[in-house]
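Student: Contents of structure-v7.csv (CSV, C-alpha atoms) are below:
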chain,number,residue,atom,x,y,z
X,1,MET,CA,16.6,46.7,85.0
X,2,PRO,CA,16.3,43.0,84.5
X,3,TYR,CA,18.3,40.8,86.8
X,4,SER,CA,19.9,37.4,86.0
X,5,GLN,CA,19.8,35.7,89.3
X,6,ASN,CA,20.5,32.0,89.4
X,7,PHE,CA,21.0,29.1,91.8
X,8,SER,CA,21.9,25.5,91.8
X,9,VAL,CA,20.5,22.5,93.8
X,10,ALA,CA,22.3,19.4,94.9
X,11,GLN,CA,21.5,16.5,97.2
X,12,THR,CA,24.4,15.8,99.6
X,13,PRO,CA,25.8,12.3,98.6
X,14,ALA,CA,27.1,11.6,102.1
X,15,ASN,CA,23.7,12.3,103.6
X,16,PRO,CA,20.9,12.5,101.0
X,17,ALA,CA,18.6,14.0,103.6
X,18,PHE,CA,20.4,17.3,103.0
X,19,VAL,CA,19.8,19.5,100.0
X,20,VAL,CA,22.4,22.2,99.3
X,21,ILE,CA,21.2,25.3,97.5
X,22,THR,CA,23.9,27.7,96.1
X,23,ASP,CA,23.3,31.2,94.8
X,24,THR,CA,25.3,31.2,91.6
X,25,THR,CA,24.3,34.7,90.5
X,26,THR,CA,27.2,36.3,88.6
X,27,SER,CA,25.6,39.6,87.7
X,28,GLY,CA,26.1,42.7,89.7
X,29,PRO,CA,24.5,43.2,93.1
X,30,ILE,CA,20.8,44.2,93.3
X,31,PRO,CA,20.2,47.6,94.9
X,32,ASN,CA,18.5,47.3,98.3
X,33,LEU,CA,18.7,43.5,98.3
X,34,ASP,CA,18.1,42.4,101.8
X,35,VAL,CA,17.3,38.7,102.0
X,36,ARG,CA,16.4,35.6,100.0
X,37,ARG,CA,13.6,33.1,100.5
X,38,ILE,CA,13.4,29.5,99.4
X,39,TYR,CA,10.1,27.8,98.6
X,40,ILE,CA,10.2,24.0,98.1
X,41,GLN,CA,7.1,22.2,97.0
X,42,ASP,CA,6.5,18.5,96.5
X,43,CYS,CA,4.5,17.1,93.6
X,44,ASN,CA,1.2,17.6,95.5
X,45,GLY,CA,1.9,21.3,96.1
X,46,ASN,CA,2.8,20.8,99.8
X,47,TYR,CA,5.6,23.0,101.1
X,48,ILE,CA,8.7,21.2,102.5
X,49,VAL,CA,10.6,23.0,105.2
X,50,PRO,CA,13.2,21.8,107.8
X,51,THR,CA,11.9,20.9,111.3
X,52,GLY,CA,11.1,24.0,113.3
X,53,VAL,CA,10.3,26.3,110.4
X,54,THR,CA,6.8,27.5,110.7
X,55,THR,CA,6.5,29.4,107.4
X,56,ASN,CA,6.1,28.0,103.9
X,57,TYR,CA,9.5,29.4,103.0
X,58,ILE,CA,13.0,29.1,104.3
X,59,GLU,CA,14.7,32.4,105.1
X,60,TRP,CA,18.1,32.5,103.3
X,61,PRO,CA,20.4,35.3,104.6
X,62,LEU,CA,22.6,37.0,102.0
X,63,ASN,CA,25.8,36.0,103.9
X,64,ASP,CA,24.8,32.4,104.0
X,65,ASN,CA,25.8,30.8,100.7
X,66,PRO,CA,25.4,27.9,100.1
X,67,ILE,CA,22.7,26.9,102.4
X,68,SER,CA,22.2,23.3,103.6
X,69,LEU,CA,18.7,22.1,104.4
X,70,ASP,CA,17.8,18.9,106.2
X,71,ILE,CA,14.5,18.3,104.5
X,72,LEU,CA,14.3,14.8,102.9
X,73,THR,CA,13.5,11.4,104.2
X,74,GLN,CA,13.3,9.8,100.7
X,75,ASP,CA,14.0,10.7,97.1
X,76,SER,CA,11.7,13.5,96.0
X,77,ALA,CA,10.8,15.4,92.9
X,78,VAL,CA,10.4,19.0,93.9
X,79,ASN,CA,9.9,22.5,92.6
X,80,ILE,CA,12.3,25.0,94.2
X,81,LYS,CA,11.7,28.7,94.0
X,82,VAL,CA,14.1,31.3,95.3
X,83,GLU,CA,13.0,34.9,95.8
X,84,TRP,CA,15.3,37.9,96.2
X,85,LEU,CA,13.6,40.6,98.3
X,86,ASP,CA,14.4,44.1,99.5
X,87,SER,CA,14.2,45.3,103.1
X,88,ALA,CA,10.4,45.9,102.7
X,89,ASP,CA,9.9,42.3,101.8
X,90,VAL,CA,9.1,43.2,98.2
X,91,VAL,CA,10.2,40.6,95.8
X,92,ILE,CA,12.7,42.1,93.4
X,93,CYS,CA,13.1,39.0,91.3
X,94,ASP,CA,12.5,35.2,91.5
X,95,LEU,CA,13.4,32.0,89.8
X,96,ASP,CA,12.1,28.5,90.1
X,97,ASN,CA,12.9,25.1,88.6
X,98,ASN,CA,12.0,21.4,89.0
X,99,TYR,CA,14.5,19.0,90.4
X,100,CYS,CA,14.6,15.2,90.7
X,101,LEU,CA,16.5,14.5,93.9
X,102,SER,CA,17.3,10.8,93.5
X,103,GLN,CA,20.4,10.2,95.5
X,104,TYR,CA,19.0,7.6,97.9
X,105,ASN,CA,18.0,5.3,95.1
X,106,LYS,CA,21.1,5.9,93.0
X,107,GLN,CA,23.3,4.9,95.9
X,108,PHE,CA,21.1,1.9,96.5
X,109,LEU,CA,21.6,0.8,92.9
X,110,TYR,CA,25.3,1.0,93.4
X,111,TYR,CA,25.0,-1.0,96.6
X,112,LEU,CA,23.2,-3.7,94.7
X,113,ILE,CA,25.9,-3.8,92.0
X,114,GLN,CA,28.6,-4.0,94.8
X,115,LEU,CA,26.8,-6.9,96.4
X,116,GLN,CA,26.5,-8.6,93.1
X,117,SER,CA,30.3,-8.3,92.5
X,118,LEU,CA,30.8,-10.1,95.8
X,119,ASN,CA,28.2,-12.8,95.1
X,120,TYR,CA,27.9,-13.1,91.3
X,121,ASN,CA,25.5,-16.1,91.5
X,122,ILE,CA,22.8,-13.8,92.9
X,123,ILE,CA,21.8,-12.9,89.3
X,124,GLN,CA,20.6,-16.5,88.9
X,125,ASP,CA,18.0,-15.9,91.6
X,126,ASN,CA,14.4,-15.8,90.6
X,127,ASN,CA,13.5,-12.3,89.3
X,128,TYR,CA,16.6,-10.7,90.8
X,129,TRP,CA,18.1,-9.3,87.6
X,130,GLY,CA,14.7,-8.3,86.2
X,131,ASN,CA,14.0,-6.4,89.4
X,132,VAL,CA,17.3,-4.6,89.3
X,133,GLY,CA,16.4,-3.6,85.7
X,134,ILE,CA,13.0,-2.3,86.9
X,135,PHE,CA,14.6,-0.4,89.8
X,136,TRP,CA,17.1,1.2,87.4
X,137,THR,CA,14.4,2.1,84.9
X,138,ASN,CA,12.4,3.8,87.6
X,139,ILE,CA,15.4,6.0,88.5
X,140,ILE,CA,15.9,6.8,84.8
X,141,GLY,CA,12.2,7.5,84.4
X,142,ALA,CA,12.2,9.9,87.4
X,143,ILE,CA,15.2,11.8,86.0
X,144,ASN,CA,13.7,12.0,82.5
X,145,SER,CA,10.3,13.1,83.8
X,146,VAL,CA,11.9,16.2,85.1
X,147,GLU,CA,14.7,16.8,82.6
X,148,ILE,CA,12.6,16.1,79.5
X,149,GLY,CA,9.0,16.3,80.6
X,150,ASN,CA,9.4,18.9,83.4
X,151,ASP,CA,6.8,16.8,85.3
X,152,ILE,CA,7.5,16.4,89.0
X,153,PHE,CA,4.4,14.3,89.6
X,154,ALA,CA,5.4,11.6,87.1
X,155,SER,CA,8.9,11.8,88.5
X,156,GLN,CA,7.7,11.3,92.0
X,157,THR,CA,5.7,8.3,90.9
X,158,CYS,CA,8.8,6.7,89.5
X,159,LEU,CA,10.8,7.6,92.7
X,160,ASN,CA,8.1,6.1,94.9
X,161,ARG,CA,8.2,2.8,93.0
X,162,ALA,CA,12.0,2.7,93.3
X,163,THR,CA,11.9,3.7,97.0
X,164,PHE,CA,9.4,0.9,97.7
X,165,MET,CA,11.7,-1.6,96.1
X,166,ALA,CA,14.6,-0.4,98.1
X,167,GLN,CA,12.7,-0.4,101.3
X,168,ASN,CA,11.5,-4.0,100.6
X,169,GLN,CA,14.7,-5.4,99.3
X,170,ASP,CA,14.1,-8.7,101.0
X,171,ILE,CA,11.3,-9.2,98.5
X,172,TYR,CA,12.8,-7.8,95.4
X,173,PHE,CA,16.5,-8.4,95.7
M,1,MET,CA,46.3,-3.2,78.5
M,2,ALA,CA,46.6,-0.5,81.1
M,3,LYS,CA,44.0,-0.5,83.8
M,4,LEU,CA,41.1,1.8,82.7
M,5,THR,CA,40.2,4.8,84.8
M,6,ILE,CA,36.7,5.2,86.1
M,7,ASP,CA,36.0,7.8,83.5
M,8,GLU,CA,37.3,5.6,80.7
M,9,THR,CA,35.2,2.7,82.0
M,10,ILE,CA,32.1,4.8,82.0
M,11,GLU,CA,32.8,6.0,78.4
M,12,LEU,CA,33.4,2.4,77.4
M,13,GLY,CA,30.0,1.4,78.9
M,14,ASP,CA,28.3,4.2,77.0
M,15,ILE,CA,29.9,3.1,73.7
M,16,SER,CA,29.2,-0.6,74.4
M,17,ASN,CA,25.6,-0.1,75.1
M,18,PRO,CA,24.3,0.7,71.6
M,19,LEU,CA,26.8,-1.8,70.1
M,20,ALA,CA,25.3,-4.5,72.2
M,21,ALA,CA,21.8,-3.4,71.3
M,22,ASN,CA,22.7,-3.4,67.6
M,23,TYR,CA,24.1,-6.9,68.0
M,24,GLN,CA,20.8,-8.0,69.5
M,25,ALA,CA,18.8,-6.3,66.7
M,26,ASN,CA,20.8,-8.2,64.2
M,27,GLY,CA,19.3,-11.3,65.6
M,28,SER,CA,16.1,-10.6,63.7
M,29,ILE,CA,18.0,-11.2,60.5
M,30,PHE,CA,20.7,-13.7,61.4
M,31,GLY,CA,19.0,-15.6,64.2
M,32,PRO,CA,18.6,-15.2,67.9
M,33,ARG,CA,21.6,-14.0,69.9
M,34,LYS,CA,22.7,-15.1,73.3
M,35,ALA,CA,22.7,-12.9,76.4
M,36,VAL,CA,19.6,-11.0,75.3
M,37,SER,CA,19.8,-8.7,78.4
M,38,ALA,CA,23.3,-7.5,77.6
M,39,PRO,CA,22.4,-3.9,76.5
M,40,GLN,CA,20.3,-3.4,79.7
M,41,THR,CA,23.0,-4.9,81.8
M,42,ILE,CA,25.7,-2.6,80.3
M,43,ALA,CA,23.5,0.4,80.7
M,44,LEU,CA,22.4,-0.1,84.3
M,45,VAL,CA,25.9,-1.0,85.5
M,46,THR,CA,27.3,2.0,83.7
M,47,ASP,CA,24.7,4.3,85.2
M,48,ALA,CA,25.4,2.8,88.7
M,49,LEU,CA,29.1,3.6,88.3
M,50,ARG,CA,28.5,7.0,86.7
M,51,TRP,CA,26.1,8.1,89.5
M,52,GLN,CA,28.4,6.9,92.3
M,53,TRP,CA,31.4,8.6,90.6
M,54,GLU,CA,29.4,11.9,90.3
M,55,ALA,CA,28.5,11.6,94.0
M,56,PHE,CA,31.9,10.6,95.3
M,57,PRO,CA,34.5,11.8,92.8
M,58,SER,CA,38.1,10.9,93.5
M,59,VAL,CA,40.0,13.6,95.4
M,60,PRO,CA,43.8,13.5,94.8
M,61,GLU,CA,45.6,12.4,97.9
M,62,VAL,CA,47.8,14.8,99.7
M,63,ARG,CA,50.6,12.4,100.8
M,64,ALA,CA,51.8,13.0,104.3
M,65,THR,CA,55.3,14.2,104.9
M,66,ALA,CA,57.8,14.0,107.8
M,67,THR,CA,61.1,15.8,108.2
M,68,LEU,CA,64.3,14.5,109.5
M,69,THR,CA,67.1,16.9,110.4
M,70,ILE,CA,70.7,15.9,110.6
M,71,ASP,CA,72.1,18.4,113.1
M,72,THR,CA,75.4,16.8,114.1
M,73,ILE,CA,77.9,14.7,112.1
M,74,GLY,CA,77.9,11.9,114.6
M,75,ASP,CA,80.6,9.4,114.6
M,76,LEU,CA,82.3,7.1,112.0
M,77,GLY,CA,80.3,3.9,111.8
M,78,ASP,CA,77.1,5.2,113.3
M,79,THR,CA,74.1,3.6,111.6
M,80,ILE,CA,71.0,5.7,111.0
M,81,THR,CA,67.9,3.7,110.3
M,82,ILE,CA,64.5,5.1,109.6
M,83,TYR,CA,61.4,3.1,110.5
M,84,VAL,CA,57.8,3.7,109.6
M,85,ASP,CA,54.7,2.2,111.2
M,86,ASP,CA,52.9,1.8,107.9
M,87,PRO,CA,49.1,1.5,108.3
M,88,PHE,CA,49.0,-1.5,106.0
M,89,LEU,CA,52.4,-3.1,106.4
M,90,GLY,CA,53.2,-2.5,110.0
M,91,ILE,CA,56.7,-1.4,111.1
M,92,ILE,CA,59.1,-1.3,108.2
M,93,SER,CA,62.5,0.0,107.6
M,94,ILE,CA,62.6,2.5,104.7
M,95,GLY,CA,66.3,3.1,104.8
M,96,SER,CA,69.5,2.6,106.7
M,97,TYR,CA,72.9,4.3,106.3
M,98,THR,CA,76.2,3.9,108.0
M,99,LEU,CA,78.5,6.9,108.3
M,100,THR,CA,81.8,6.7,106.5
M,101,VAL,CA,84.9,8.9,106.6
M,102,SER,CA,83.5,11.0,103.7
M,103,ASP,CA,80.5,12.1,105.8
M,104,THR,CA,82.2,15.3,106.9
M,105,THR,CA,79.1,17.6,107.0
M,106,THR,CA,75.5,17.3,108.0
M,107,ASP,CA,74.5,18.1,104.4
M,108,ILE,CA,76.5,15.2,103.0
M,109,ILE,CA,75.0,12.8,105.6
M,110,ALA,CA,71.5,14.0,104.8
M,111,ASP,CA,72.1,13.4,101.1
M,112,ASN,CA,73.4,9.9,101.7
M,113,VAL,CA,70.5,9.1,104.0
M,114,GLY,CA,68.0,10.4,101.5
M,115,ASP,CA,69.6,8.3,98.8
M,116,GLU,CA,69.2,5.2,100.9
M,117,ILE,CA,65.6,6.0,101.7
M,118,ASN,CA,64.9,6.3,97.9
M,119,LEU,CA,66.0,2.7,97.5
M,120,ASN,CA,63.1,1.4,99.5
M,121,VAL,CA,60.4,-0.7,97.8
M,122,TYR,CA,57.5,0.6,99.8
M,123,ASP,CA,56.9,3.8,97.8
M,124,TYR,CA,58.2,6.2,100.4
M,125,TYR,CA,60.6,8.7,99.0
M,126,ALA,CA,62.9,11.4,100.3
M,127,THR,CA,63.9,14.9,99.1
M,128,VAL,CA,66.8,16.6,100.7
M,129,VAL,CA,67.5,20.3,101.1
M,130,ASN,CA,70.8,21.0,103.0
M,131,ASN,CA,70.6,19.0,106.1
M,132,ILE,CA,66.8,18.5,106.1
M,133,ILE,CA,65.3,15.3,104.7
M,134,THR,CA,61.7,15.4,103.8
M,135,ILE,CA,60.1,11.9,103.7
M,136,THR,CA,56.9,11.5,101.8
M,137,ALA,CA,54.5,8.7,102.8
M,138,ALA,CA,53.5,5.9,100.4
M,139,ASP,CA,50.6,6.5,98.0
M,140,GLY,CA,47.4,5.4,99.6
M,141,THR,CA,48.3,5.7,103.2
M,142,GLY,CA,46.3,8.9,103.4
M,143,ALA,CA,45.5,10.3,106.8
M,144,LEU,CA,46.1,6.9,108.4
M,145,ILE,CA,49.8,7.6,108.7
M,146,ASN,CA,49.3,11.0,110.3
M,147,GLY,CA,50.5,11.5,113.9
M,148,ASN,CA,53.8,11.7,115.8
M,149,ASN,CA,54.5,8.1,116.4
M,150,ASN,CA,54.4,6.6,112.9
M,151,ILE,CA,58.0,7.4,112.0
M,152,TYR,CA,61.1,7.1,114.1
M,153,VAL,CA,64.9,6.9,113.7
M,154,THR,CA,67.5,4.8,115.5
M,155,ILE,CA,71.2,5.6,115.6
M,156,ILE,CA,73.4,2.7,116.5
M,157,THR,CA,77.0,3.4,117.3
M,158,PRO,CA,79.7,0.8,116.7
M,159,GLY,CA,81.1,1.0,120.2
M,160,PHE,CA,84.9,1.0,120.8
M,161,MET,CA,87.0,1.1,117.6
M,162,ASN,CA,89.9,-1.1,116.8
M,163,THR,CA,93.3,0.3,117.7
M,164,GLU,CA,96.8,-0.7,116.5
M,165,SER,CA,99.9,-0.5,118.4
M,166,GLY,CA,102.1,2.5,117.5
M,167,ASP,CA,99.2,4.5,115.9
M,168,ARG,CA,97.4,7.4,117.3
M,169,LEU,CA,94.8,5.8,119.6
M,170,ILE,CA,91.3,7.0,119.1
M,171,THR,CA,88.7,5.6,121.4
M,172,GLU,CA,85.0,6.2,121.4
M,173,ASN,CA,82.2,5.2,123.7
M,174,ASN,CA,78.5,5.5,123.5
M,175,ASN,CA,78.5,8.8,125.2
M,176,ASN,CA,80.3,10.3,122.2
M,177,LEU,CA,83.4,11.0,124.3
M,178,ILE,CA,86.4,11.0,122.1
M,179,THR,CA,89.9,10.8,123.5
M,180,GLU,CA,93.2,11.0,121.6
M,181,GLN,CA,96.6,10.0,122.7
M,182,THR,CA,99.9,9.7,120.8
M,183,TYR,CA,102.4,7.0,121.7
M,184,GLY,CA,106.0,7.9,121.4
Translate this file's structure into structure tokens.
Tutor:
Amino acid sequence: MPYSQNFSVAQTPANPAFVVITDTTTSGPIPNLDVRRIYIQDCNGNYIVPTGVTTNYIEWPLNDNPISLDILTQDSAVNIKVEWLDSADVVICDLDNNYCLSQYNKQFLYYLIQLQSLNYNIIQDNNYWGNVGIFWTNIIGAINSVEIGNDIFASQTCLNRATFMAQNQDIYF
Amino acid sequence: MAKLTIDETIELGDISNPLAANYQANGSIFGPRKAVSAPQTIALVTDALRWQWEAFPSVPEVRATATLTIDTIGDLGDTITIYVDDPFLGIISIGSYTLTVSDTTTDIIADNVGDEINLNVYDYYATVVNNIITITAADGTGALINGNNNIYVTIITPGFMNTESGDRLITENNNNLITEQTYG
């Protein structure tokens, strides 16, 4: 019998280091289902796990939904796979998707616009407005790389450029 | 024009962006346009607002309430005043009512006090059920007004009442001791 498992992924706005994964499965329960596992890989294929986890995956108990994972230090394009396993650790079904987690840079863009509203003359500064445009374009590019191109490597490249600009705001903004 | 909501502002930005781009494109026919970066400006500011709104959507405020119970009818001339320590305005009076001869039950007094509260200009309002007045805090005060010390009531009694010779003498003091005597 085929199963239609599903999950959603969101970066926590109040603290973008946290990623919340929610099992949104609406079909009936899977017989003998015992546990879930989450695999998170960056664009280079490295596994991302919270501090203290020694496996490539994160154990996700059935009674823990949603699960909040403290895994990010900057915006990342990732592939997230969830497996549903029985008590013998046999995978019953799995699902994976690519995600562009861009909350750090999105919030930095809003911060720039807020500052601009307080000090409108800043847009006269050399290259300021052009750099804001480049910063925004990198975020858009990162999102589109995943949503349209399904390409987390290209997405991460865009995110890295935006992150570099945010981390060096004294140069760019 | 009414103030736009955040959602309306985002929608307006989305609509304005291609219009501005089209206006710029017309420049190739009708001559250069000013503000050549307008489409990009509209797009990025709209996106900044959209993303922040998605991340931190507005949550309807649950306005704080307090209850005031009128449990005795008090005395003629007593003045009940309700004060609030508003987080933005400081201590304000949101209503004051002086008891009259028609205030013969606690329910009537509660109704009259509630009516007075509803005349305030600070956006506090009252609803009354029997002798209980429920006061709802002003919009925007949020959790800042929570706590036991931010609303209080004073009752000021008028002191001794005037008497006239030959009438029944009714005296009153601040201890609510009432004495009656008939002069012959």
Student: Interatomic distance between CA of Asp7 (chain M) and CA of Val62 (chain M)?
Tutor: 21.2 Å
Student: Which residue gives the smallest distance to chain M among X:Pro29, X:Pro66, X:Pro61, X:Gly130, with all atoms listed in the file counted?
Tutor: X:Gly130
Student: Hey, which bits of region 12-76 of chain M sit within 12 Å of region 98-116 of chain M, and for each residue what's the closest pair of atoms and how far apart in Å (one decimal), counting all atoms listed in the file, rows by chain and increasing number, as a tab-separated table?
Tutor:
residue	atom	partner	partner_atom	distance
M:Thr67	CA	M:Gly114	CA	11.0
M:Leu68	CA	M:Ala110	CA	8.6
M:Thr69	CA	M:Ala110	CA	7.7
M:Ile70	CA	M:Thr106	CA	5.6
M:Asp71	CA	M:Thr106	CA	6.2
M:Thr72	CA	M:Thr106	CA	6.1
M:Ile73	CA	M:Thr106	CA	5.4
M:Gly74	CA	M:Leu99	CA	8.1
M:Asp75	CA	M:Leu99	CA	7.1
M:Leu76	CA	M:Leu99	CA	5.3
Student: Write a file of the selected residues as a JSON list (two decimals), in the frame of the given file, keeping C-alpha atoms.
Tutor:
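part-v1.json, freshly written:
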[["chain", "number", "residue", "atom", "x", "y", "z"],
["M", 67, "THR", "CA", 61.10, 15.80, 108.20],
["M", 68, "LEU", "CA", 64.30, 14.50, 109.50],
["M", 69, "THR", "CA", 67.10, 16.90, 110.40],
["M", 70, "ILE", "CA", 70.70, 15.90, 110.60],
["M", 71, "ASP", "CA", 72.10, 18.40, 113.10],
["M", 72, "THR", "CA", 75.40, 16.80, 114.10],
["M", 73, "ILE", "CA", 77.90, 14.70, 112.10],
["M", 74, "GLY", "CA", 77.90, 11.90, 114.60],
["M", 75, "ASP", "CA", 80.60, 9.40, 114.60],
["M", 76, "LEU", "CA", 82.30, 7.10, 112.00]]
Student: Each residue of chain X lying at most 8 Å from chain M should get a row with its shortest atom-to-atom pair and the distance in Å to one decimal, counting only C-alpha atoms; could you produce that, ordered by chain and increasing number, as JSON lines?
Tutor:
{"residue": "X:Pro13", "atom": "CA", "partner": "M:Ala55", "partner_atom": "CA", "distance": 5.4}
{"residue": "X:Lys106", "atom": "CA", "partner": "M:Trp51", "partner_atom": "CA", "distance": 6.5}
{"residue": "X:Gln107", "atom": "CA", "partner": "M:Gln52", "partner_atom": "CA", "distance": 6.6}
{"residue": "X:Leu109", "atom": "CA", "partner": "M:Ala48", "partner_atom": "CA", "distance": 6.0}
{"residue": "X:Tyr110", "atom": "CA", "partner": "M:Ala48", "partner_atom": "CA", "distance": 5.0}
{"residue": "X:Ile113", "atom": "CA", "partner": "M:Val45", "partner_atom": "CA", "distance": 7.1}
{"residue": "X:Gly133", "atom": "CA", "partner": "M:Leu44", "partner_atom": "CA", "distance": 7.1}
{"residue": "X:Trp136", "atom": "CA", "partner": "M:Leu44", "partner_atom": "CA", "distance": 6.3}
Student: Between M:Asp78, M:Asp14, M:Asp85, M:Asp139, single out the one closest to Ile42 (chain M), counting only C-alpha atoms.
Tutor: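 Between M:Asp78, M:Asp14, M:Asp85, M:Asp139, the residue approaching Ile42 (chain M) most closely is M:Asp14.
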